[in-house]
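A.B. asks: Would you mind keeping the following structure in view while I ask a few things?
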Amino acid sequence: MKRFQVKVCGNNNVENFKALTLIEPDYVGFIFYDKSKRFVQDELLFNIFPNAEKVGVFVNETIQNIIQKVIDYKLDVVQLHGDETAEFCEELISTKHQCLLTDENFLDFKIWKAIGIKNKDNFQQLTAYQQVVDSFVFDTKSDDYGGTGRKFDWELLTNYQLSTTFLLSGGIKLEDAFILKNFHHPRCIGFDINSGFESEPGIKKIEEVKQFIDTIDGRIEQN
């Protein structure tokens, strides 16, 4: 049974994305935040159909625009990476339940909330989100929106005691693969990788991503 999943985020180059889909990560992420270096502008990306769930990353976006992107690009997950409150998530759930796509098919997607972590106090705000998100994404806390490319102290995760699952993010590189393969936390379902596997923003080092996934899956053992 597969223990961990891998999300590769920040995809915005068609040819590079085609190569990425061949190694079959569990999730592929697209950033719909126009201040990001990895902002998705080429809609041809969505003519490629990966064997992976598609994650849209949004920062302080309106519910209407989020819903429209989900419908237009057939997103499986909405990742909220801004200042979205639990009440916002609740309204997003309510709105999706009202969206009838066909006579019998309502709009459906998961909601992930990114949370910046600097110290154990950052976990205290999460109780309100338990009933309105499917998973958290724990990243390094920053004054800016989006990833920092830096790790936080993973030992802080011992302070996380809620039942909601999470993905670990923030500065993960290939060299971390063997450590993360043996990562122990009952609520961790996977890892979100991005800039640590790039030659330039949006261009993934495909062989390194493959090695990371193969290591996490146990297909590569440490010498």
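Chain labels A, B, ... are given in the sequence in which chains occur in the structure tokens; within each chain residues are numbered consecutively from 1, and ligands are likewise numbered from 1 in the order shown.
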Give me the residues within 9 Å of segment 164-179 of chain A as an NGL selection string, counting only C-alpha atoms and dropping any in the same chain fewer than 6 places off.
C.D. replies: :A and (5-7 or 112 or 129-131 or 133-140 or 147-152 or 154 or 186-197 or 208-209 or 211-213 or 215-216 or 221-222)
A.B. asks: Find the spatial neighbours of Lys69 of chain A, counting only C-alpha atoms, within a cut-off of 12 Å - ignore same-chain residues fewer than 3 positions away - and output them as a PyMOL selection string.
C.D. replies: chain A and resi 30-32+40+43+46+54-58+61-66+72-78+107+109
A.B. asks: Next, dump the selected residues to file, keeping only N, CA and C atoms, as a PDB file, in the first residue's frame.
C.D. replies:
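That gives us selection_22.pdb:
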ATOM      1  N   PHE A  30      -1.051  23.996 -10.421  1.00  0.00           N
ATOM      2  CA  PHE A  30      -1.024  25.165 -11.295  1.00  0.00           C
ATOM      3  C   PHE A  30      -1.347  26.401 -10.450  1.00  0.00           C
ATOM      4  N   ILE A  31      -0.518  27.418 -10.572  1.00  0.00           N
ATOM      5  CA  ILE A  31      -0.668  28.606  -9.734  1.00  0.00           C
ATOM      6  C   ILE A  31      -1.437  29.686 -10.490  1.00  0.00           C
ATOM      7  N   PHE A  32      -2.595  30.060  -9.948  1.00  0.00           N
ATOM      8  CA  PHE A  32      -3.442  31.098 -10.552  1.00  0.00           C
ATOM      9  C   PHE A  32      -3.315  32.407  -9.769  1.00  0.00           C
ATOM     10  N   VAL A  40       0.233  30.619 -14.233  1.00  0.00           N
ATOM     11  CA  VAL A  40      -0.166  29.901 -15.445  1.00  0.00           C
ATOM     12  C   VAL A  40      -0.768  30.878 -16.458  1.00  0.00           C
ATOM     13  N   GLU A  43      -2.778  28.372 -21.713  1.00  0.00           N
ATOM     14  CA  GLU A  43      -3.896  27.460 -21.501  1.00  0.00           C
ATOM     15  C   GLU A  43      -3.719  26.125 -22.217  1.00  0.00           C
ATOM     16  N   PHE A  46      -3.653  22.823 -20.300  1.00  0.00           N
ATOM     17  CA  PHE A  46      -4.862  22.100 -19.901  1.00  0.00           C
ATOM     18  C   PHE A  46      -5.428  21.254 -21.035  1.00  0.00           C
ATOM     19  N   LYS A  54      -5.445  17.299 -10.534  1.00  0.00           N
ATOM     20  CA  LYS A  54      -5.017  18.660 -10.836  1.00  0.00           C
ATOM     21  C   LYS A  54      -5.401  19.602  -9.691  1.00  0.00           C
ATOM     22  N   VAL A  55      -4.394  20.342  -9.224  1.00  0.00           N
ATOM     23  CA  VAL A  55      -4.566  21.259  -8.099  1.00  0.00           C
ATOM     24  C   VAL A  55      -4.427  22.689  -8.597  1.00  0.00           C
ATOM     25  N   GLY A  56      -5.419  23.526  -8.327  1.00  0.00           N
ATOM     26  CA  GLY A  56      -5.327  24.944  -8.614  1.00  0.00           C
ATOM     27  C   GLY A  56      -4.969  25.697  -7.347  1.00  0.00           C
ATOM     28  N   VAL A  57      -3.923  26.512  -7.406  1.00  0.00           N
ATOM     29  CA  VAL A  57      -3.463  27.278  -6.245  1.00  0.00           C
ATOM     30  C   VAL A  57      -3.943  28.717  -6.386  1.00  0.00           C
ATOM     31  N   PHE A  58      -4.660  29.193  -5.375  1.00  0.00           N
ATOM     32  CA  PHE A  58      -5.277  30.518  -5.410  1.00  0.00           C
ATOM     33  C   PHE A  58      -4.856  31.330  -4.191  1.00  0.00           C
ATOM     34  N   GLU A  61      -8.444  34.912  -3.824  1.00  0.00           N
ATOM     35  CA  GLU A  61      -9.277  35.013  -5.020  1.00  0.00           C
ATOM     36  C   GLU A  61     -10.750  34.993  -4.616  1.00  0.00           C
ATOM     37  N   THR A  62     -11.613  35.495  -5.487  1.00  0.00           N
ATOM     38  CA  THR A  62     -13.047  35.447  -5.203  1.00  0.00           C
ATOM     39  C   THR A  62     -13.563  34.025  -5.419  1.00  0.00           C
ATOM     40  N   ILE A  63     -14.628  33.708  -4.718  1.00  0.00           N
ATOM     41  CA  ILE A  63     -15.228  32.386  -4.874  1.00  0.00           C
ATOM     42  C   ILE A  63     -15.701  32.176  -6.302  1.00  0.00           C
ATOM     43  N   GLN A  64     -16.271  33.187  -6.898  1.00  0.00           N
ATOM     44  CA  GLN A  64     -16.774  33.068  -8.272  1.00  0.00           C
ATOM     45  C   GLN A  64     -15.649  32.707  -9.236  1.00  0.00           C
ATOM     46  N   ASN A  65     -14.488  33.359  -9.094  1.00  0.00           N
ATOM     47  CA  ASN A  65     -13.372  33.073  -9.990  1.00  0.00           C
ATOM     48  C   ASN A  65     -12.782  31.688  -9.741  1.00  0.00           C
ATOM     49  N   ILE A  66     -12.748  31.272  -8.482  1.00  0.00           N
ATOM     50  CA  ILE A  66     -12.265  29.927  -8.173  1.00  0.00           C
ATOM     51  C   ILE A  66     -13.162  28.880  -8.824  1.00  0.00           C
ATOM     52  N   ASP A  72     -13.620  25.376 -15.772  1.00  0.00           N
ATOM     53  CA  ASP A  72     -12.916  25.529 -17.047  1.00  0.00           C
ATOM     54  C   ASP A  72     -11.797  24.504 -17.215  1.00  0.00           C
ATOM     55  N   TYR A  73     -11.066  24.235 -16.120  1.00  0.00           N
ATOM     56  CA  TYR A  73      -9.854  23.418 -16.221  1.00  0.00           C
ATOM     57  C   TYR A  73      -9.985  22.067 -15.526  1.00  0.00           C
ATOM     58  N   LYS A  74     -11.205  21.750 -15.080  1.00  0.00           N
ATOM     59  CA  LYS A  74     -11.484  20.439 -14.475  1.00  0.00           C
ATOM     60  C   LYS A  74     -10.518  20.142 -13.327  1.00  0.00           C
ATOM     61  N   LEU A  75     -10.440  21.086 -12.408  1.00  0.00           N
ATOM     62  CA  LEU A  75      -9.554  20.933 -11.252  1.00  0.00           C
ATOM     63  C   LEU A  75     -10.159  19.964 -10.239  1.00  0.00           C
ATOM     64  N   ASP A  76      -9.303  19.174  -9.645  1.00  0.00           N
ATOM     65  CA  ASP A  76      -9.736  18.216  -8.624  1.00  0.00           C
ATOM     66  C   ASP A  76      -9.583  18.770  -7.212  1.00  0.00           C
ATOM     67  N   VAL A  77      -8.661  19.712  -7.063  1.00  0.00           N
ATOM     68  CA  VAL A  77      -8.356  20.272  -5.743  1.00  0.00           C
ATOM     69  C   VAL A  77      -8.207  21.778  -5.869  1.00  0.00           C
ATOM     70  N   VAL A  78      -8.740  22.507  -4.903  1.00  0.00           N
ATOM     71  CA  VAL A  78      -8.505  23.939  -4.762  1.00  0.00           C
ATOM     72  C   VAL A  78      -7.606  24.135  -3.548  1.00  0.00           C
ATOM     73  N   LEU A 107     -20.871  19.860  -9.003  1.00  0.00           N
ATOM     74  CA  LEU A 107     -19.444  20.161  -8.982  1.00  0.00           C
ATOM     75  C   LEU A 107     -18.808  19.573  -7.726  1.00  0.00           C
ATOM     76  N   PHE A 109     -14.897  19.035  -5.716  1.00  0.00           N
ATOM     77  CA  PHE A 109     -13.446  19.192  -5.613  1.00  0.00           C
ATOM     78  C   PHE A 109     -13.079  19.233  -4.137  1.00  0.00           C
TER      79      PHE A 109
END
A.B. asks: Find the distance between atom CA of Lys113 of chain A and atom CA of His81 of chain A and write it in Å to one decimal.
C.D. replies: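 Interatomic distance here is 6.4 Å.
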A.B. asks: Find the residue from A:Val8, A:Phe49, A:Leu101, A:Asp83 that sits nearest to Gln68 of chain A; use only C-alpha atoms when measuring.
C.D. replies: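 Among the listed residues, the smallest separation from Gln68 of chain A belongs to A:Leu101.
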A.B. asks: Could you give me, as a ChimeraX atom specification, each residue of chain A that DSSP assigns to helix (DSSP H, G or I) when run on this structure's backbone?
C.D. replies: /A:14-21,43-47,63-73,86-97,120-129,154-159,174-181,195-197,206-216
A.B. asks: Taking only chain A into account, list the residues labelled strand (DSSP E or B) by DSSP (computed from the backbone), as a count of residues only.
C.D. replies: 52
A.B. asks: Which residues, written as a ChimeraX atom specification, have at least one atom at most 9 Å from Thr85 of chain A, with only C-alpha atoms counted and residues fewer than 3 positions away on the same chain left out?
C.D. replies: /A:88-90,128-129
A.B. asks: So that I have them on file, write out the residues from the current selection with N, CA and C atoms, as a PDB file, in the first residue's frame.
C.D. replies:
ATOM      1  N   PHE A  88     -14.706  31.605   4.783  1.00  0.00           N
ATOM      2  CA  PHE A  88     -14.561  31.618   3.326  1.00  0.00           C
ATOM      3  C   PHE A  88     -14.632  30.189   2.781  1.00  0.00           C
ATOM      4  N   CYS A  89     -13.938  29.271   3.443  1.00  0.00           N
ATOM      5  CA  CYS A  89     -13.957  27.863   3.011  1.00  0.00           C
ATOM      6  C   CYS A  89     -15.370  27.292   3.089  1.00  0.00           C
ATOM      7  N   GLU A  90     -16.083  27.654   4.131  1.00  0.00           N
ATOM      8  CA  GLU A  90     -17.456  27.177   4.286  1.00  0.00           C
ATOM      9  C   GLU A  90     -18.345  27.701   3.157  1.00  0.00           C
ATOM     10  N   ALA A 128     -10.595  25.814  13.692  1.00  0.00           N
ATOM     11  CA  ALA A 128     -11.768  26.335  12.970  1.00  0.00           C
ATOM     12  C   ALA A 128     -11.870  25.770  11.558  1.00  0.00           C
ATOM     13  N   TYR A 129     -10.746  25.308  10.989  1.00  0.00           N
ATOM     14  CA  TYR A 129     -10.740  24.809   9.609  1.00  0.00           C
ATOM     15  C   TYR A 129     -11.071  23.315   9.509  1.00  0.00           C
TER      16      TYR A 129
END
A.B. asks: Find the residues near Leu157 of chain A: any atom within 8 Å, counting only C-alpha atoms, skip ones fewer than 3 places away on the same chain, and give them as a compact mmCIF listing (two decimals) with C-alpha atoms, in the first residue's frame.
C.D. replies:
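Printed below is out.txt as written:
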# COMPACT_ATOMS: atom_id res chain seq x y z
CA LYS A 120 4.12 25.89 17.49
CA TRP A 154 9.85 19.78 10.90
CA TYR A 160 0.02 19.22 15.42
CA HIS A 185 3.45 11.62 11.57
A.B. asks: Atom CA of Asn11 of chain A to atom CA of Glu198 of chain A: how many Å, to one decimal?
C.D. replies: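 The value is 10.2 Å.
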A.B. asks: So which one's closest to Gly202 of chain A, A:Asp26, A:Phe39, A:Phe4, A:Lys141? Using only C-alpha atoms, please.
C.D. replies: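 Nearest candidate to Gly202 of chain A out of A:Asp26, A:Phe39, A:Phe4, A:Lys141: A:Phe39.
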